[in-house]
Amino acid sequence: MSQAAGVKVDRLDAIRSHLYANGFSTIQALADALGASLATVRRDLQILEQEGAIDRVHGGARIADGSSVEVAFQEREKRHLSAKRAIATAAYDLLHPRSAIFLDAGTTVLQLARLIRINPIPLRIFTNGLTVAQEFLNIPNLEVVLLGGQLRSENASIVGPQAEAMLETIWFDQLFLGVSAVSPDGTIYSVDSAEASLNRRMLTRSANRFVLADSSKFGTMATYRVAPLSTAKVITDSGLSQQWREELVNFGVDVTTADLGSKE
């Protein structure tokens, strides 16, 4: 990709993010936010409209109906990206050829999936993440199984009774689980009840369990309880506070810390 093409892609992403965060925006407001000319913004909006990402309305634009879920997932994916990539690298080093693993639908786990795509080894991979599964299209040496069940659009994940029933018939060598939050008392929480229920089931079906959680997740709360953090080993980043490092020792949690210094 040429430098000019790369700048254009970055600008289109910036427009999508701005519209998702701010709702309707005028062309002038977009131009000011991006530091681009009105003519450039108009051309970019035309491209995004053709892709179905935005709706152009008089004097400006807004995110198209139906596309906000995709943008929301992409926004979560970009947050703390350096930490997520460092954590994914540490998790990749734990993989064993010809083993059976489960990758959940979290954005940190997605970074692990991308490492496997780039450096594939023989694996049997199970997942409930649509985006995760897509990473493995046409990749050799991988056997990939996607759980069946109810689509949860907000996380591009499969959940529900059918997915849980399928888990009861499978055993994994390793589980790699993302989290929404780790509460001050060392408990994993999720923003969705069905996701939390499926996560609990995952934890009972694996010999070795790993929670992939960047340091921003610690000391936060979500609505639905999953399990104590001590039911799994934790891979986090070097940005984790000293207080939390001590707390994890008190909780009896085995922790691997990924070095942020080596990741862009």
# chains A, B, ... in the order shown; residues from 1 in each chain; ligands from 1
>>> residues_around(residues="Ser241 in chain A", least_positions_apart="4", cutoff="12 Å", atoms="only C-alpha atoms", output="list of chain:residue names")
A:Asp214, A:Ser215, A:Ser216, A:Lys217, A:Phe218, A:Gly219, A:Thr236, A:Asp237, A:Arg245, A:Glu246, A:Glu247, A:Leu248, A:Thr257
>>> closest_atom_pairs(of="range 112-214 of chain A", to="range 94-99 of chain A", cutoff="8 Å", atoms="only C-alpha atoms", output="tab-separated table")
residue	atom	partner	partner_atom	distance
A:Ile121	CA	A:Pro97	CA	5.9
A:Pro122	CA	A:Arg98	CA	5.0
A:Leu123	CA	A:Arg98	CA	4.7
A:Arg124	CA	A:Ser99	CA	6.2
A:Phe172	CA	A:Ser99	CA	8.0
A:Asp173	CA	A:Ser99	CA	6.2
>>> atom_distance(atom1="CA of Ala33 in chain A", atom2="CA of Ser82 in chain A")
24.3 Å
>>> atom_distance(atom1="CA of Ser190 in chain A", atom2="CA of Lys84 in chain A")
18.0 Å
>>> residues_around(residues="Pro228 in chain A", least_positions_apart="4", cutoff="7 Å", atoms="only C-alpha atoms", output="PyMOL selection string")
chain A and resi 186-188
>>> write_last_selection(atoms="N, CA, C and O atoms", output="PDB file, in the first residue's frame")
ATOM      1  N   GLY A 186     -11.373  -9.329  42.778  1.00  0.00           N
ATOM      2  CA  GLY A 186     -10.756 -10.371  41.974  1.00  0.00           C
ATOM      3  C   GLY A 186     -11.735 -11.289  41.273  1.00  0.00           C
ATOM      4  O   GLY A 186     -11.453 -12.481  41.100  1.00  0.00           O
ATOM      5  N   THR A 187     -12.857 -10.754  40.832  1.00  0.00           N
ATOM      6  CA  THR A 187     -13.870 -11.538  40.132  1.00  0.00           C
ATOM      7  C   THR A 187     -13.985 -11.054  38.689  1.00  0.00           C
ATOM      8  O   THR A 187     -13.953  -9.853  38.430  1.00  0.00           O
ATOM      9  N   ILE A 188     -14.134 -12.002  37.771  1.00  0.00           N
ATOM     10  CA  ILE A 188     -14.330 -11.683  36.355  1.00  0.00           C
ATOM     11  C   ILE A 188     -15.797 -11.343  36.129  1.00  0.00           C
ATOM     12  O   ILE A 188     -16.691 -12.059  36.588  1.00  0.00           O
TER      13      ILE A 188
END
>>> select_by_dssp(residues="range 93-198 of chain A", states="strand (DSSP E)", output="VMD selection string")
chain A and resid 99 to 103 123 to 127 142 to 146 150 to 152 157 to 159 172 to 178 181 to 182 187 to 190
>>> write_last_selection(atoms="C-alpha atoms", output="CSV table (one decimal), in the first residue's frame")
chain,number,residue,atom,x,y,z
A,99,SER,CA,-3.4,-29.4,20.7
A,100,ALA,CA,-7.1,-28.3,21.0
A,101,ILE,CA,-7.7,-24.8,22.1
A,102,PHE,CA,-10.7,-22.5,22.6
A,103,LEU,CA,-10.5,-18.8,21.7
A,123,LEU,CA,-4.0,-26.7,15.9
A,124,ARG,CA,-7.6,-27.7,16.5
A,125,ILE,CA,-9.3,-24.4,17.2
A,126,PHE,CA,-12.8,-23.9,18.7
A,127,THR,CA,-14.3,-20.5,19.0
A,142,LEU,CA,-5.7,-25.4,11.3
A,143,GLU,CA,-9.0,-27.3,12.0
A,144,VAL,CA,-11.5,-24.7,13.0
A,145,VAL,CA,-14.9,-25.2,14.7
A,146,LEU,CA,-17.4,-22.4,15.3
A,150,GLN,CA,-27.6,-17.3,19.0
A,151,LEU,CA,-25.8,-14.4,17.4
A,152,ARG,CA,-24.9,-11.6,19.8
A,157,SER,CA,-20.2,-13.8,19.1
A,158,ILE,CA,-22.3,-16.9,19.4
A,159,VAL,CA,-24.0,-17.6,22.7
A,172,PHE,CA,-9.8,-28.3,25.4
A,173,ASP,CA,-6.1,-28.4,26.2
A,174,GLN,CA,-6.1,-24.6,26.6
A,175,LEU,CA,-8.7,-21.8,26.9
A,176,PHE,CA,-7.9,-18.2,26.1
A,177,LEU,CA,-10.6,-16.0,27.6
A,178,GLY,CA,-11.0,-12.2,27.3
A,181,ALA,CA,-13.9,-6.3,33.8
A,182,VAL,CA,-12.0,-7.6,36.9
A,187,THR,CA,-13.9,-11.5,40.1
A,188,ILE,CA,-14.3,-11.7,36.4
A,189,TYR,CA,-17.4,-9.9,35.1
A,190,SER,CA,-19.1,-9.5,31.7
>>> closest_residue(among="A:Arg201, A:Gln243, A:Arg62, A:Ala232", to="Ala21 in chain A", atoms="only C-alpha atoms")
A:Arg62
>>> closest_residue(among="A:Gln50, A:Ser230, A:Ser206, A:Asn250", to="Ile170 in chain A", atoms="only C-alpha atoms")
A:Ser206
>>> atom_distance(atom1="CA of Gly160 in chain A", atom2="CA of Tyr224 in chain A")
14.9 Å
>>> closest_residue(among="A:Thr256, A:Gln242, A:Thr223, A:Asn138", to="Val211 in chain A", atoms="only C-alpha atoms")
A:Thr256
>>> closest_residue(among="A:Ser183, A:Asn141, A:Trp171, A:Glu195", to="Glu154 in chain A", atoms="only C-alpha atoms")
A:Glu195
>>> decode(residues="range 200-212 of chain A", atoms="all heavy atoms", output="CSV table (one decimal), in the first residue's frame")
chain,number,residue,atom,x,y,z
A,200,ARG,N,-18.6,-19.1,31.8
A,200,ARG,CA,-18.5,-20.0,32.9
A,200,ARG,C,-18.4,-21.4,32.4
A,200,ARG,O,-17.6,-22.2,33.0
A,200,ARG,CB,-19.7,-19.8,33.8
A,200,ARG,CG,-19.7,-18.6,34.7
A,200,ARG,CD,-20.7,-18.6,35.8
A,200,ARG,NE,-22.1,-18.6,35.2
A,200,ARG,CZ,-22.8,-17.5,35.0
A,200,ARG,NH1,-22.2,-16.3,35.2
A,200,ARG,NH2,-24.0,-17.5,34.5
A,201,ARG,N,-19.1,-21.8,31.4
A,201,ARG,CA,-19.1,-23.1,30.9
A,201,ARG,C,-17.7,-23.4,30.2
A,201,ARG,O,-17.2,-24.5,30.4
A,201,ARG,CB,-20.2,-23.3,29.8
A,201,ARG,CG,-20.4,-24.7,29.4
A,201,ARG,CD,-21.2,-25.5,30.4
A,201,ARG,NE,-22.6,-24.9,30.5
A,201,ARG,CZ,-23.5,-25.4,31.3
A,201,ARG,NH1,-23.2,-26.5,32.1
A,201,ARG,NH2,-24.7,-24.9,31.4
A,202,MET,N,-17.1,-22.4,29.5
A,202,MET,CA,-15.8,-22.6,29.0
A,202,MET,C,-14.8,-23.0,30.0
A,202,MET,O,-13.9,-23.9,29.8
A,202,MET,CB,-15.3,-21.3,28.3
A,202,MET,CG,-16.1,-20.9,27.1
A,202,MET,SD,-15.5,-19.2,26.6
A,202,MET,CE,-16.7,-18.8,25.3
A,203,LEU,N,-14.8,-22.3,31.2
A,203,LEU,CA,-13.9,-22.5,32.2
A,203,LEU,C,-13.9,-24.0,32.8
A,203,LEU,O,-12.9,-24.4,33.3
A,203,LEU,CB,-14.1,-21.5,33.3
A,203,LEU,CG,-13.7,-20.1,33.0
A,203,LEU,CD1,-14.3,-19.1,34.0
A,203,LEU,CD2,-12.1,-19.9,33.0
A,204,THR,N,-15.0,-24.6,32.7
A,204,THR,CA,-15.2,-26.0,33.2
A,204,THR,C,-14.7,-27.0,32.1
A,204,THR,O,-14.7,-28.2,32.4
A,204,THR,CB,-16.6,-26.3,33.6
A,204,THR,OG1,-17.5,-26.4,32.4
A,204,THR,CG2,-17.1,-25.3,34.6
A,205,ARG,N,-14.4,-26.6,30.9
A,205,ARG,CA,-14.2,-27.6,29.8
A,205,ARG,C,-12.7,-27.5,29.3
A,205,ARG,O,-12.4,-28.0,28.2
A,205,ARG,CB,-15.1,-27.3,28.6
A,205,ARG,CG,-16.6,-27.3,29.0
A,205,ARG,CD,-17.0,-28.6,29.6
A,205,ARG,NE,-16.7,-29.8,28.8
A,205,ARG,CZ,-16.8,-31.0,29.2
A,205,ARG,NH1,-17.0,-31.3,30.5
A,205,ARG,NH2,-16.5,-32.0,28.3
A,206,SER,N,-11.8,-27.0,30.1
A,206,SER,CA,-10.4,-26.8,29.7
A,206,SER,C,-9.5,-27.2,30.8
A,206,SER,O,-9.7,-27.0,31.9
A,206,SER,CB,-10.2,-25.4,29.3
A,206,SER,OG,-8.9,-25.2,28.8
A,207,ALA,N,-8.4,-27.9,30.3
A,207,ALA,CA,-7.3,-28.3,31.3
A,207,ALA,C,-6.5,-27.1,31.8
A,207,ALA,O,-6.1,-27.1,32.9
A,207,ALA,CB,-6.4,-29.4,30.6
A,208,ASN,N,-6.2,-26.2,30.9
A,208,ASN,CA,-5.4,-25.0,31.2
A,208,ASN,C,-6.2,-23.8,30.8
A,208,ASN,O,-6.5,-23.6,29.6
A,208,ASN,CB,-4.1,-25.1,30.5
A,208,ASN,CG,-3.2,-26.3,30.9
A,208,ASN,OD1,-2.6,-26.2,32.0
A,208,ASN,ND2,-3.2,-27.3,30.1
A,209,ARG,N,-6.4,-22.9,31.7
A,209,ARG,CA,-7.3,-21.7,31.5
A,209,ARG,C,-6.4,-20.4,31.6
A,209,ARG,O,-5.8,-20.2,32.6
A,209,ARG,CB,-8.4,-21.7,32.4
A,209,ARG,CG,-9.3,-22.9,32.3
A,209,ARG,CD,-10.3,-23.1,33.5
A,209,ARG,NE,-9.6,-23.3,34.8
A,209,ARG,CZ,-9.2,-24.5,35.2
A,209,ARG,NH1,-9.4,-25.6,34.4
A,209,ARG,NH2,-8.7,-24.6,36.4
A,210,PHE,N,-6.6,-19.6,30.6
A,210,PHE,CA,-5.8,-18.3,30.6
A,210,PHE,C,-6.8,-17.1,30.3
A,210,PHE,O,-7.5,-17.2,29.4
A,210,PHE,CB,-4.7,-18.3,29.5
A,210,PHE,CG,-3.7,-19.4,29.7
A,210,PHE,CD1,-3.9,-20.6,29.0
A,210,PHE,CD2,-2.6,-19.2,30.5
A,210,PHE,CE1,-2.9,-21.6,29.2
A,210,PHE,CE2,-1.6,-20.2,30.6
A,210,PHE,CZ,-1.8,-21.4,30.0
A,211,VAL,N,-6.7,-16.2,31.2
A,211,VAL,CA,-7.5,-14.9,31.0
A,211,VAL,C,-6.5,-13.9,30.4
A,211,VAL,O,-5.4,-13.6,31.0
A,211,VAL,CB,-8.0,-14.4,32.4
A,211,VAL,CG1,-8.5,-13.0,32.3
A,211,VAL,CG2,-9.2,-15.3,32.8
A,212,LEU,N,-6.9,-13.3,29.3
A,212,LEU,CA,-6.1,-12.3,28.6
A,212,LEU,C,-6.8,-11.0,28.9
A,212,LEU,O,-7.9,-10.7,28.4
A,212,LEU,CB,-6.1,-12.5,27.1
A,212,LEU,CG,-5.7,-13.9,26.6
A,212,LEU,CD1,-5.4,-13.9,25.1
A,212,LEU,CD2,-4.4,-14.5,27.4
